[in-house]
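A.B. asks: Just so it is clear, I am handing over work-v6.txt, which has compact mmCIF, C-alpha atoms.
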# COMPACT_ATOMS: atom_id res chain seq x y z
CA MET A 1 25.51 -20.90 5.48
CA MET A 2 25.23 -23.39 8.26
CA VAL A 3 27.78 -26.08 9.03
CA ALA A 4 26.56 -28.91 11.24
CA LYS A 5 27.57 -32.37 12.32
CA PRO A 6 24.68 -34.76 12.80
CA GLY A 7 24.90 -37.91 14.86
CA LEU A 8 27.46 -39.29 17.23
CA ASP A 9 30.55 -38.53 15.17
CA GLY A 10 32.89 -36.13 16.98
CA HIS A 11 35.47 -35.57 14.24
CA ASP A 12 34.83 -31.90 13.68
CA ARG A 13 38.10 -30.65 12.22
CA GLY A 14 36.80 -30.81 8.67
CA ALA A 15 33.59 -28.97 9.63
CA ARG A 16 35.57 -26.27 11.41
CA ILE A 17 37.94 -25.77 8.49
CA LEU A 18 34.99 -25.52 6.16
CA ALA A 19 33.27 -22.96 8.42
CA ARG A 20 36.46 -20.92 8.50
CA CYS A 21 36.85 -21.18 4.74
CA PHE A 22 33.31 -19.85 4.18
CA ARG A 23 33.96 -17.06 6.68
CA ASP A 24 37.02 -16.03 4.68
CA ALA A 25 34.93 -16.07 1.52
CA GLY A 26 32.60 -13.50 3.10
CA PHE A 27 29.80 -15.78 4.30
CA GLU A 28 28.03 -15.59 7.63
CA VAL A 29 28.35 -19.13 8.95
CA ILE A 30 26.25 -20.61 11.73
CA TYR A 31 28.39 -23.26 13.37
CA THR A 32 26.48 -25.59 15.65
CA GLY A 33 29.14 -28.12 16.61
CA CYS A 34 28.92 -31.89 17.01
CA HIS A 35 26.29 -34.37 18.11
CA GLN A 36 23.28 -32.72 16.51
CA THR A 37 20.01 -34.51 15.94
CA PRO A 38 18.47 -33.98 12.50
CA GLU A 39 15.61 -32.23 14.31
CA GLN A 40 18.01 -29.74 15.94
CA ILE A 41 19.65 -29.04 12.60
CA ALA A 42 16.33 -28.45 10.85
CA VAL A 43 15.01 -26.15 13.60
CA THR A 44 18.25 -24.16 13.67
CA ALA A 45 18.30 -23.79 9.88
CA ILE A 46 14.79 -22.35 10.02
CA GLN A 47 15.36 -20.02 12.98
CA GLU A 48 18.51 -18.68 11.35
CA ASP A 49 16.86 -18.46 7.90
CA ILE A 50 19.71 -20.37 6.29
CA ASP A 51 20.21 -20.57 2.51
CA CYS A 52 22.38 -23.67 2.51
CA VAL A 53 23.02 -26.33 5.16
CA GLY A 54 26.34 -28.18 4.95
CA LEU A 55 26.36 -31.52 6.80
CA SER A 56 29.54 -33.32 7.75
CA CYS A 57 29.65 -36.96 8.73
CA LEU A 58 32.65 -39.25 8.99
CA SER A 59 31.07 -42.15 10.84
CA GLY A 60 29.15 -43.83 8.06
CA ALA A 61 25.72 -42.82 9.33
CA HIS A 62 25.17 -40.37 6.45
CA ARG A 63 22.80 -42.80 4.75
CA TYR A 64 20.27 -42.25 7.51
CA LEU A 65 21.14 -38.79 8.86
CA PHE A 66 21.46 -36.72 5.68
CA PRO A 67 18.10 -37.73 4.13
CA GLU A 68 16.44 -37.26 7.53
CA VAL A 69 17.50 -33.58 7.63
CA VAL A 70 16.13 -33.00 4.12
CA GLU A 71 12.87 -34.71 5.06
CA LEU A 72 12.42 -32.72 8.29
CA LEU A 73 13.03 -29.43 6.50
CA ARG A 74 10.43 -30.42 3.94
CA LYS A 75 7.93 -31.34 6.66
CA LYS A 76 8.46 -27.99 8.36
CA GLY A 77 7.72 -26.14 5.13
CA ALA A 78 11.36 -25.27 4.52
CA GLY A 79 12.08 -27.52 1.55
CA ASP A 80 13.60 -24.50 -0.20
CA ILE A 81 16.68 -24.71 2.03
CA THR A 82 19.46 -26.45 0.09
CA VAL A 83 21.22 -29.32 1.84
CA ILE A 84 24.72 -30.45 0.87
CA GLY A 85 26.96 -32.97 2.58
CA GLY A 86 30.48 -34.22 2.92
CA GLY A 87 32.69 -36.65 4.76
CA ILE A 88 33.66 -40.26 4.28
CA ILE A 89 31.00 -41.15 1.74
CA PRO A 90 31.49 -44.09 -0.64
CA ASN A 91 30.62 -43.49 -4.30
CA ARG A 92 27.94 -46.17 -4.13
CA ASP A 93 25.94 -43.99 -1.70
CA PHE A 94 25.88 -40.90 -3.91
CA LYS A 95 22.75 -41.96 -5.76
CA LEU A 96 20.85 -42.65 -2.55
CA LEU A 97 21.74 -39.22 -1.19
CA TYR A 98 20.95 -37.32 -4.39
CA ASP A 99 17.66 -39.20 -4.66
CA ALA A 100 16.89 -38.19 -1.09
CA GLY A 101 17.23 -34.53 -2.07
CA LEU A 102 20.84 -33.56 -1.33
CA LYS A 103 22.09 -31.11 -3.91
CA GLY A 104 25.84 -31.61 -3.57
CA ILE A 105 28.26 -34.15 -2.08
CA PHE A 106 31.88 -33.32 -1.35
CA THR A 107 34.37 -35.96 -0.29
CA PRO A 108 38.01 -35.82 0.88
CA GLY A 109 40.44 -34.40 -1.68
CA ILE A 110 38.08 -31.80 -3.10
CA PRO A 111 39.70 -28.34 -2.91
CA LEU A 112 37.95 -26.03 -0.43
CA ASP A 113 37.69 -23.30 -3.05
CA SER A 114 35.66 -25.51 -5.31
CA ILE A 115 33.08 -26.02 -2.54
CA VAL A 116 32.78 -22.26 -2.08
CA GLU A 117 32.53 -21.89 -5.84
CA TRP A 118 29.74 -24.47 -5.99
CA VAL A 119 27.77 -22.59 -3.33
CA ASN A 120 28.30 -19.24 -5.05
CA LYS A 121 27.08 -20.67 -8.31
CA ASN A 122 24.14 -22.70 -7.07
CA ILE A 123 22.70 -20.83 -4.13
CA THR A 124 20.82 -17.57 -4.54
CA PRO A 125 20.32 -15.74 -1.25
CA LYS A 126 16.66 -15.35 -0.32
CA GLY A 127 15.06 -12.21 0.94
CA MET B 1 -0.57 -6.80 6.84
CA GLU B 2 0.14 -10.45 6.23
CA VAL B 3 3.69 -10.55 7.61
CA THR B 4 2.66 -8.66 10.73
CA LYS B 5 -0.07 -11.20 11.42
CA ARG B 6 2.25 -14.14 10.91
CA VAL B 7 4.87 -12.61 13.22
CA ARG B 8 2.27 -12.00 15.91
CA ARG B 9 1.07 -15.58 15.58
CA GLY B 10 4.63 -16.66 16.30
CA ASP B 11 5.27 -18.10 12.82
CA VAL B 12 8.98 -18.95 13.02
CA ARG B 13 9.62 -18.75 9.28
CA ALA B 14 8.06 -15.29 9.06
CA VAL B 15 10.03 -14.11 12.07
CA SER B 16 13.36 -15.42 10.84
CA ARG B 17 12.87 -14.02 7.33
CA LEU B 18 11.89 -10.63 8.73
CA ILE B 19 15.05 -10.52 10.85
CA ARG B 20 17.13 -11.34 7.78
CA ASP B 21 15.40 -8.58 5.79
CA ILE B 22 16.08 -6.13 8.62
CA GLU B 23 19.77 -7.09 8.54
CA ASP B 24 19.86 -6.72 4.76
CA HIS B 25 18.04 -3.34 4.81
CA ILE B 26 15.23 -4.61 2.60
CA PRO B 27 12.74 -1.71 2.30
CA GLY B 28 9.75 -3.96 3.02
CA ALA B 29 11.18 -4.80 6.44
CA ARG B 30 11.05 -1.17 7.48
CA SER B 31 7.35 -0.94 6.70
CA THR B 32 6.69 -4.14 8.64
CA ILE B 33 8.45 -2.64 11.67
CA LYS B 34 6.12 0.35 11.36
CA HIS B 35 3.19 -2.05 11.69
CA ILE B 36 4.49 -4.15 14.56
CA PHE B 37 5.87 -1.28 16.63
CA GLU B 38 2.57 -0.67 18.42
CA HIS B 39 2.57 -4.29 19.58
CA THR B 40 5.98 -4.04 21.23
CA GLY B 41 7.28 -2.85 24.57
CA LYS B 42 5.92 -5.76 26.58
CA ALA B 43 8.97 -8.01 26.91
CA HIS B 44 11.68 -7.79 29.54
CA VAL B 45 14.96 -7.31 27.65
CA VAL B 46 18.03 -8.67 29.40
CA GLY B 47 21.57 -8.03 28.10
CA PHE B 48 24.55 -10.27 28.82
CA THR B 49 27.98 -8.75 28.20
CA GLY B 50 31.58 -9.52 29.17
CA SER B 51 34.91 -10.51 27.70
CA PRO B 52 35.30 -13.31 25.13
CA GLY B 53 35.25 -16.69 26.84
CA ALA B 54 33.80 -15.31 30.09
CA GLY B 55 30.95 -17.80 29.79
CA LYS B 56 28.08 -15.63 28.55
CA SER B 57 26.57 -18.23 26.22
CA THR B 58 26.77 -21.01 28.80
CA LEU B 59 25.15 -18.81 31.46
CA ILE B 60 22.40 -17.84 29.03
CA ASP B 61 21.79 -21.53 28.38
CA ALA B 62 21.27 -22.05 32.10
CA ALA B 63 19.12 -18.93 32.42
CA ILE B 64 16.85 -20.07 29.58
CA SER B 65 16.13 -23.30 31.48
CA LEU B 66 15.14 -21.41 34.61
CA PHE B 67 12.91 -18.94 32.75
CA ARG B 68 11.24 -21.82 30.94
CA LYS B 69 10.68 -23.60 34.23
CA ALA B 70 8.94 -20.45 35.46
CA GLY B 71 6.61 -20.72 32.46
CA LYS B 72 8.05 -17.83 30.46
CA THR B 73 8.76 -17.88 26.74
CA VAL B 74 12.22 -16.75 25.71
CA GLY B 75 13.73 -15.06 22.64
CA VAL B 76 17.48 -14.97 22.31
CA LEU B 77 19.69 -12.80 20.08
CA LEU B 78 23.35 -13.76 19.90
CA VAL B 79 25.85 -11.33 18.40
CA ASP B 80 29.24 -12.44 17.10
CA PRO B 81 31.86 -10.37 15.27
CA THR B 82 32.13 -9.89 11.50
CA SER B 83 35.57 -10.25 9.94
CA PRO B 84 36.99 -6.82 9.09
CA TYR B 85 38.73 -8.42 6.10
CA SER B 86 36.26 -10.72 4.39
CA GLY B 87 32.95 -9.46 5.79
CA GLY B 88 32.20 -13.05 6.77
CA ALA B 89 31.54 -14.33 10.26
CA ILE B 90 31.38 -17.49 12.28
CA LEU B 91 28.37 -17.45 14.56
CA GLY B 92 29.02 -20.08 17.18
CA ASP B 93 27.10 -19.07 20.30
CA ARG B 94 24.32 -21.54 19.64
CA VAL B 95 26.72 -24.39 20.33
CA ARG B 96 26.21 -23.77 24.07
CA MET B 97 22.44 -23.82 24.01
CA GLN B 98 21.56 -26.82 21.85
CA ARG B 99 19.30 -28.42 24.42
CA HIS B 100 16.71 -25.67 23.90
CA THR B 101 16.59 -26.04 20.12
CA GLU B 102 13.61 -28.35 20.12
CA ASP B 103 11.66 -26.31 22.68
CA THR B 104 9.10 -24.27 20.74
CA GLY B 105 8.96 -21.75 23.61
CA VAL B 106 12.48 -20.66 22.76
CA PHE B 107 13.55 -18.78 19.61
CA VAL B 108 17.28 -18.30 19.08
CA ARG B 109 18.82 -16.14 16.39
CA SER B 110 22.48 -15.27 15.66
CA LEU B 111 23.48 -11.87 14.29
CA ALA B 112 26.84 -10.71 12.96
CA THR B 113 28.06 -7.20 13.86
CA ARG B 114 28.57 -6.25 10.19
CA GLY B 115 30.92 -3.45 11.12
CA ALA B 116 28.87 -1.94 13.96
CA LEU B 117 30.88 -0.88 16.98
CA GLY B 118 29.49 -0.99 20.48
CA GLY B 119 29.29 -4.77 20.75
CA LEU B 120 26.00 -5.28 18.91
CA SER B 121 24.63 -5.42 15.37
CA LYS B 122 22.63 -2.51 13.93
CA ALA B 123 19.74 -4.90 13.48
CA VAL B 124 19.46 -5.69 17.20
CA GLY B 125 16.97 -2.94 18.04
CA ASP B 126 14.49 -4.00 15.38
CA ALA B 127 15.12 -7.72 15.99
CA ILE B 128 14.12 -7.15 19.63
CA HIS B 129 10.86 -5.59 18.41
CA VAL B 130 10.19 -8.62 16.24
CA LEU B 131 10.66 -11.10 19.11
CA ASP B 132 8.60 -8.82 21.33
CA ALA B 133 5.75 -8.73 18.81
CA MET B 134 6.10 -12.51 18.49
CA GLY B 135 5.08 -12.61 22.16
CA LYS B 136 8.27 -13.62 23.91
CA ASP B 137 8.17 -12.76 27.63
CA ILE B 138 11.92 -12.47 28.06
CA ILE B 139 14.36 -11.40 25.35
CA ILE B 140 18.00 -12.15 26.07
CA VAL B 141 20.66 -10.32 24.06
CA GLU B 142 24.25 -11.55 24.14
CA THR B 143 26.83 -8.99 23.00
CA VAL B 144 30.07 -9.87 21.29
CA GLY B 145 32.93 -10.51 23.68
CA THR B 146 33.46 -7.01 25.02
CA GLY B 147 36.41 -5.06 26.33
CA GLN B 148 35.92 -1.74 28.06
CA GLN B 149 33.95 0.47 25.75
CA GLU B 150 31.26 -1.63 24.10
CA VAL B 151 28.30 -0.38 26.08
CA GLU B 152 25.66 -0.07 23.36
CA ILE B 153 23.61 -2.75 25.14
CA ILE B 154 22.36 -0.17 27.68
CA ASN B 155 20.32 1.42 24.89
CA HIS B 156 18.43 -1.83 24.34
CA ALA B 157 18.20 -3.76 27.61
CA HIS B 158 16.17 -3.09 30.74
CA THR B 159 18.58 -5.22 32.76
CA VAL B 160 22.30 -5.58 32.03
CA VAL B 161 24.29 -8.54 33.35
CA VAL B 162 28.08 -8.08 33.21
CA VAL B 163 29.97 -11.37 33.30
CA LEU B 164 33.48 -11.23 34.76
CA VAL B 165 36.14 -13.87 35.27
CA PRO B 166 39.14 -13.75 37.60
CA GLY B 167 42.62 -12.99 36.36
CA MET B 168 41.90 -10.20 33.89
CA GLY B 169 43.74 -7.28 35.50
CA ASP B 170 44.37 -5.35 38.68
CA GLU B 171 42.21 -2.95 40.67
CA ILE B 172 42.96 -0.04 38.31
CA GLN B 173 40.75 -1.78 35.74
CA ALA B 174 37.90 -1.62 38.22
CA LEU B 175 38.27 2.17 38.47
CA LYS B 176 37.89 2.81 34.79
CA ALA B 177 34.79 4.10 33.06
CA GLY B 178 32.79 1.93 30.70
CA ILE B 179 31.60 -1.59 31.00
CA LEU B 180 31.77 -1.92 34.78
CA GLU B 181 29.53 1.10 35.16
CA ILE B 182 26.67 -0.36 33.17
CA ALA B 183 26.09 -3.50 35.25
CA ASP B 184 22.77 -3.99 36.99
CA ILE B 185 24.01 -7.42 38.02
CA PHE B 186 27.58 -8.71 38.20
CA VAL B 187 28.30 -12.36 37.64
CA LEU B 188 31.65 -13.54 38.84
CA ASN B 189 31.93 -16.61 36.67
CA LYS B 190 34.36 -19.53 36.92
CA ALA B 191 34.54 -18.62 40.60
CA ASN B 192 36.31 -21.87 41.44
CA ARG B 193 39.49 -20.36 39.93
CA ASP B 194 42.32 -18.49 41.61
CA GLY B 195 41.85 -14.76 41.98
CA THR B 196 38.12 -14.90 42.62
CA GLY B 197 38.36 -13.46 46.12
CA LYS B 198 40.49 -10.59 44.89
CA LEU B 199 38.15 -9.76 42.02
CA TYR B 200 35.15 -9.94 44.34
CA GLY B 201 36.88 -7.50 46.71
CA GLU B 202 37.71 -5.11 43.89
CA ILE B 203 34.15 -4.97 42.58
CA MET B 204 32.89 -4.62 46.15
CA ASN B 205 35.26 -1.67 46.72
CA MET B 206 34.23 -0.10 43.46
CA LEU B 207 30.58 -0.29 44.51
CA ASN B 208 31.35 0.95 48.03
CA ILE B 209 32.67 4.24 46.63
CA VAL B 210 29.43 4.92 44.79
CA GLY B 211 27.38 7.37 46.90
CA SER B 212 23.89 6.42 45.87
CA PHE B 213 22.45 4.02 43.36
CA PRO B 214 19.59 5.04 41.09
CA GLY B 215 16.43 3.47 42.39
CA GLY B 216 18.33 2.19 45.42
CA TRP B 217 19.52 -0.78 43.35
CA ARG B 218 23.02 -1.76 44.35
CA PRO B 219 24.24 -4.24 41.70
CA PRO B 220 24.52 -7.64 43.36
CA ILE B 221 27.62 -9.76 42.73
CA ILE B 222 26.77 -13.39 42.08
CA LYS B 223 29.55 -15.96 42.24
CA ILE B 224 29.05 -18.91 39.94
CA GLU B 225 31.55 -21.74 40.12
CA ASN B 226 31.41 -24.39 37.45
CA VAL B 227 28.25 -24.24 35.34
CA PHE B 228 28.93 -27.75 34.13
CA GLU B 229 28.40 -29.13 37.62
CA PRO B 230 24.74 -28.35 38.10
CA ALA B 231 24.63 -29.96 41.53
CA SER B 232 26.93 -27.34 43.03
CA VAL B 233 25.85 -24.26 41.07
CA GLY B 234 22.09 -24.78 41.01
CA GLU B 235 21.54 -22.26 43.77
CA SER B 236 23.69 -19.50 42.32
CA LEU B 237 22.03 -19.89 38.94
CA GLU B 238 18.65 -19.54 40.60
CA GLU B 239 19.98 -16.49 42.40
CA LEU B 240 20.93 -15.03 39.00
CA SER B 241 17.54 -15.56 37.39
CA GLY B 242 15.89 -14.34 40.62
CA LYS B 243 17.94 -11.13 40.57
CA ILE B 244 17.11 -10.55 36.90
CA ASP B 245 13.38 -10.67 37.77
CA GLU B 246 13.91 -8.62 40.92
CA HIS B 247 15.79 -5.91 39.03
CA TYR B 248 12.95 -5.53 36.55
CA GLN B 249 10.40 -5.48 39.37
CA ASN B 250 12.45 -2.78 41.10
CA LEU B 251 12.37 -0.66 37.93
CA VAL B 252 8.60 -1.07 37.81
CA ASP B 253 8.03 -0.43 41.54
CA ARG B 254 10.18 2.68 41.66
CA ASP B 255 8.78 4.03 38.46
CA LEU B 256 12.18 3.84 36.79
CA LEU B 257 11.18 1.68 33.88
CA GLY B 258 10.14 4.87 32.09
CA ASP B 259 13.74 6.17 32.24
CA ARG B 260 15.09 3.00 30.68
CA ILE B 261 12.39 3.02 28.02
CA ARG B 262 13.13 6.67 27.28
CA ARG B 263 16.84 5.87 26.88
CA LYS B 264 15.97 3.00 24.57
CA VAL B 265 13.60 5.08 22.48
CA VAL B 266 16.07 7.97 22.16
CA GLY B 267 18.63 5.50 20.82
CA GLU B 268 16.10 4.09 18.37
CA LEU B 269 15.14 7.53 17.14
CA ASN B 270 18.83 8.32 16.66
CA ASP B 271 19.29 5.20 14.56
CA ALA B 272 16.16 5.88 12.54
CA LEU B 273 17.20 9.48 11.82
CA ARG B 274 20.54 8.22 10.67
CA SER B 275 19.07 5.63 8.35
CA VAL B 276 16.35 7.91 6.97
CA ILE B 277 18.31 11.16 6.65
CA LEU B 278 22.05 10.55 6.65
CA GLU B 279 22.40 7.19 4.91
CA PRO B 280 20.51 8.08 1.70
CA VAL B 281 22.57 11.27 1.38
CA LEU B 282 25.80 9.34 1.88
CA GLU B 283 24.70 6.73 -0.65
CA LYS B 284 24.02 9.44 -3.21
CA LEU B 285 27.43 11.04 -2.56
CA VAL B 286 29.15 7.70 -3.08
CA GLU B 287 27.13 6.90 -6.20
CA THR B 288 27.89 10.20 -7.92
CA GLY B 289 31.56 10.13 -6.95
CA GLU B 290 30.96 13.38 -5.06
CA LEU B 291 32.31 11.85 -1.85
CA ASN B 292 35.66 11.09 -3.45
CA ARG B 293 35.96 14.65 -4.73
CA MET B 294 35.22 15.95 -1.23
CA VAL B 295 37.87 13.68 0.23
CA ASP B 296 40.38 15.00 -2.32
CA ARG B 297 39.55 18.57 -1.34
CA LEU B 298 40.18 17.70 2.29
CA ILE B 299 43.47 15.97 1.59
CA GLU B 300 44.65 18.98 -0.41
CA ARG B 301 43.48 21.20 2.45
CA LYS B 302 41.26 23.17 0.06
CA SER B 303 38.35 22.85 2.45
CA ASP B 304 37.52 21.51 5.91
CA PRO B 305 35.02 18.84 7.04
CA TYR B 306 32.55 21.32 8.57
CA THR B 307 32.34 23.53 5.47
CA ILE B 308 31.76 20.50 3.31
CA ALA B 309 29.11 19.12 5.66
CA GLU B 310 27.31 22.47 5.59
CA GLU B 311 27.44 22.46 1.78
CA VAL B 312 25.91 18.98 1.75
CA ALA B 313 23.16 20.07 4.13
CA ARG B 314 22.36 23.07 1.90
CA GLU B 315 22.21 20.98 -1.22
CA HIS B 316 20.55 17.75 -0.04
CA LEU B 317 18.43 18.85 2.89
CA ASN B 318 17.19 22.10 1.35
CA GLY B 319 19.40 24.02 3.72
CA ASN B 320 17.04 23.21 6.56
CA ILE B 321 19.81 22.13 8.88
Starting from the coordinates I provided, produce the structure as structure tokens.
C.D. replies:
Amino acid sequence: MMVAKPGLDGHDRGARILARCFRDAGFEVIYTGCHQTPEQIAVTAIQEDIDCVGLSCLSGAHRYLFPEVVELLRKKGAGDITVIGGGIIPNRDFKLLYDAGLKGIFTPGIPLDSIVEWVNKNITPKG
Amino acid sequence: MEVTKRVRRGDVRAVSRLIRDIEDHIPGARSTIKHIFEHTGKAHVVGFTGSPGAGKSTLIDAAISLFRKAGKTVGVLLVDPTSPYSGGAILGDRVRMQRHTEDTGVFVRSLATRGALGGLSKAVGDAIHVLDAMGKDIIIVETVGTGQQEVEIINHAHTVVVVLVPGMGDEIQALKAGILEIADIFVLNKANRDGTGKLYGEIMNMLNIVGSFPGGWRPPIIKIENVFEPASVGESLEELSGKIDEHYQNLVDRDLLGDRIRRKVVGELNDALRSVILEPVLEKLVETGELNRMVDRLIERKSDPYTIAEEVAREHLNGNI
């Protein structure tokens, strides 16, 4: 797993809790911190051979940043890496994000366990 | 072989998948290592070790910049601990070196210890070979935050940098065996803090007692103040990267590189023997439930570990040991 925060949003508590939660579920989690460009996230995901990238954004810039990560991965020949996202995301943006290639969207109030469960069910480790 | 070619071309996806397969003990990875081994042994491997929070990742970030400026390509392996409870891990060393992410001359990979002691992951040795075959000039390995005993890095690195910070203990700590013995270069980090002078004196004293240094290399002590204020630390960082080069050159000039390589190869052979001979036997014992029966015999004091080990050798290794 990789947990990353794209853009200028510095509210990383949610991302950290999620990273910790995946750690406790037995995942190896690459945590890259705040203020990442989509390019940095895509390159890191490839260098670390990630199965699933989790993006967190609370600033409202998800409409641009999330699809950009998916697109860059695709361009770099790594379209097989699943991208999911979470944060303050209005329902009306879900369609745009799913259409852009995100596979899951998790907003406040969703139990952490159900996110882990989703990943366990939907992601098959490569190799 | 296809994978070998892609790795040697520097194909990042091939390299990162191969490192994952090495970590996961995928049989195909072992045969790839057999193919790339002859193309390795060219890179200068530099280890960074020291206690958690000493500043290893941040120093490595600065070192990468200087090596890149000198026109060298850099591979970086960052080891962080695996949870003894869940088997999971948070690998967070990359946070400190984000500015190199988009530089194609730098390849960074995180590894979890997965239960290995010694401050590294079992996959480190082979991962170094992969980055070496990929053509990286310098390979930097960061250990987990170490205490006193995690000295496994000496079996992999040509040059070991030990990062210390003031305020971690008195002069008795400096007398002890272990991590302070393995330094080729000391960095006294966060040297703007109280206790720096005292720590410097203690390391100095420790070195003064040593009669002679192999290859005449007395480990230098480099004080680095605040890495986040490049204006004031620029010189000491350059001193660090200079000493790293100088140390390697000294090994070459004095014909000592062979000793380090021999130490590295002995360690690798040890690991390979273990994974080819011991691990399959152990797996079989676990699978058949034989191991549990042996443990019961030991608990009931019906046998002893040596007798049982000899029985296993007779049965599984045709008594050849």
A.B. asks: Give me, as a ChimeraX atom specification, all polymer residues having an atom no more than 9 Å from stretch 248-262 of chain B, counting only C-alpha atoms and skipping those fewer than 3 positions away in the same chain.
C.D. replies: /B:41,44,154-159,214-217,243-245,265-267
A.B. asks: Would you mind exporting the chosen residues as an mmCIF file, in the frame of the given file, restricted to C-alpha atoms?
C.D. replies:
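Result saved to selection_39.cif:
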data_model
loop_
_atom_site.group_PDB
_atom_site.id
_atom_site.type_symbol
_atom_site.label_atom_id
_atom_site.label_comp_id
_atom_site.auth_asym_id
_atom_site.auth_seq_id
_atom_site.Cartn_x
_atom_site.Cartn_y
_atom_site.Cartn_z
ATOM 1 C CA GLY B 41 7.280 -2.850 24.570
ATOM 2 C CA HIS B 44 11.680 -7.790 29.540
ATOM 3 C CA ILE B 154 22.360 -0.170 27.680
ATOM 4 C CA ASN B 155 20.320 1.420 24.890
ATOM 5 C CA HIS B 156 18.430 -1.830 24.340
ATOM 6 C CA ALA B 157 18.200 -3.760 27.610
ATOM 7 C CA HIS B 158 16.170 -3.090 30.740
ATOM 8 C CA THR B 159 18.580 -5.220 32.760
ATOM 9 C CA PRO B 214 19.590 5.040 41.090
ATOM 10 C CA GLY B 215 16.430 3.470 42.390
ATOM 11 C CA GLY B 216 18.330 2.190 45.420
ATOM 12 C CA TRP B 217 19.520 -0.780 43.350
ATOM 13 C CA LYS B 243 17.940 -11.130 40.570
ATOM 14 C CA ILE B 244 17.110 -10.550 36.900
ATOM 15 C CA ASP B 245 13.380 -10.670 37.770
ATOM 16 C CA VAL B 265 13.600 5.080 22.480
ATOM 17 C CA VAL B 266 16.070 7.970 22.160
ATOM 18 C CA GLY B 267 18.630 5.500 20.820
#
A.B. asks: Residues within 7 Å of stretch 118-134 of chain B, please, as a PyMOL selection string. Count all atoms listed in the file; anything in the same chain fewer than 2 positions from it doesn't count.
C.D. replies: chain B and resi 7-10+15+19+22-23+36-37+39-43+75+79+111-114+116+136+143-144+146+150-152+156
A.B. asks: Taking into account only C-alpha atoms, which residue in the set B:Phe48, B:Asp103, B:Ile64, B:Lys69 is nearest to chain A?
C.D. replies: B:Asp103
A.B. asks: Kindly assemble as a tab-separated table a list of the chain A residues that lie within 7 Å of chain B, each paired with its nearest atom pair and their distance in Å to one decimal, using all atoms listed in the file, sorted first by chain and then by ascending residue number.
C.D. replies:
residue	atom	partner	partner_atom	distance
A:Ala19	CA	B:Ile90	CA	7.0
A:Arg23	CA	B:Gly88	CA	4.4
A:Asp24	CA	B:Ser86	CA	5.4
A:Ala25	CA	B:Ser86	CA	6.2
A:Gly26	CA	B:Gly88	CA	3.7
A:Phe27	CA	B:Gly88	CA	4.4
A:Glu28	CA	B:Ala89	CA	4.6
A:Val29	CA	B:Ile90	CA	4.8
A:Ile30	CA	B:Leu91	CA	4.7
A:Tyr31	CA	B:Gly92	CA	5.0
A:Thr32	CA	B:Val95	CA	4.8
A:Gly33	CA	B:Val95	CA	5.8
A:Gln40	CA	B:Thr101	CA	5.8
A:Val43	CA	B:Thr101	CA	6.7
A:Thr44	CA	B:Thr101	CA	6.9
A:Ile46	CA	B:Arg13	CA	6.3
A:Gln47	CA	B:Ser16	CA	5.5
A:Glu48	CA	B:Arg109	CA	5.7
A:Asp49	CA	B:Ser16	CA	5.5
A:Gly127	CA	B:Asp21	CA	6.1
A.B. asks: Now that the selection is made, can you save its residues with C-alpha atoms as a compact mmCIF listing (two decimals), in the frame of the given file?
C.D. replies:
# COMPACT_ATOMS: atom_id res chain seq x y z
CA ALA A 19 33.27 -22.96 8.42
CA ARG A 23 33.96 -17.06 6.68
CA ASP A 24 37.02 -16.03 4.68
CA ALA A 25 34.93 -16.07 1.52
CA GLY A 26 32.60 -13.50 3.10
CA PHE A 27 29.80 -15.78 4.30
CA GLU A 28 28.03 -15.59 7.63
CA VAL A 29 28.35 -19.13 8.95
CA ILE A 30 26.25 -20.61 11.73
CA TYR A 31 28.39 -23.26 13.37
CA THR A 32 26.48 -25.59 15.65
CA GLY A 33 29.14 -28.12 16.61
CA GLN A 40 18.01 -29.74 15.94
CA VAL A 43 15.01 -26.15 13.60
CA THR A 44 18.25 -24.16 13.67
CA ILE A 46 14.79 -22.35 10.02
CA GLN A 47 15.36 -20.02 12.98
CA GLU A 48 18.51 -18.68 11.35
CA ASP A 49 16.86 -18.46 7.90
CA GLY A 127 15.06 -12.21 0.94
A.B. asks: What's around A:Tyr98 at 10 Å? Count all atoms listed in the file, leave out sequence neighbours fewer than 5 positions away in its own chain, and write the answer as a VMD selection string.
C.D. replies: chain A and resid 67 84 93 103 to 105
A.B. asks: Please measure the separation of atom CA of A:Asp99 and atom CA of A:His35, giving the value in Å to one decimal.
C.D. replies: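 Between these atoms lies a distance of 24.8 Å.
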A.B. asks: Taking 2 positions as the minimum chain separation for residues in the same chain, which residues sit within 12 Å of stretch 88-91 of chain A when counting only C-alpha atoms? Answer as a PyMOL selection string.
C.D. replies: chain A and resi 9+11+14+55-63+66+85-86+93-98+105-109
A.B. asks: Determine the nearest neighbour of A:Leu102 from the options A:Gly77, A:Gly7, A:Gly87, A:Gly54, counting only C-alpha atoms.
C.D. replies: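 Distance minimum relative to A:Leu102 lands on A:Gly54.
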A.B. asks: So what do you get for atom CA of B:Lys34 versus atom CA of B:Asp137, distance-wise?
C.D. replies: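 If I compute the distance from atom CA of B:Lys34 to atom CA of B:Asp137, I get 21.0 Å.
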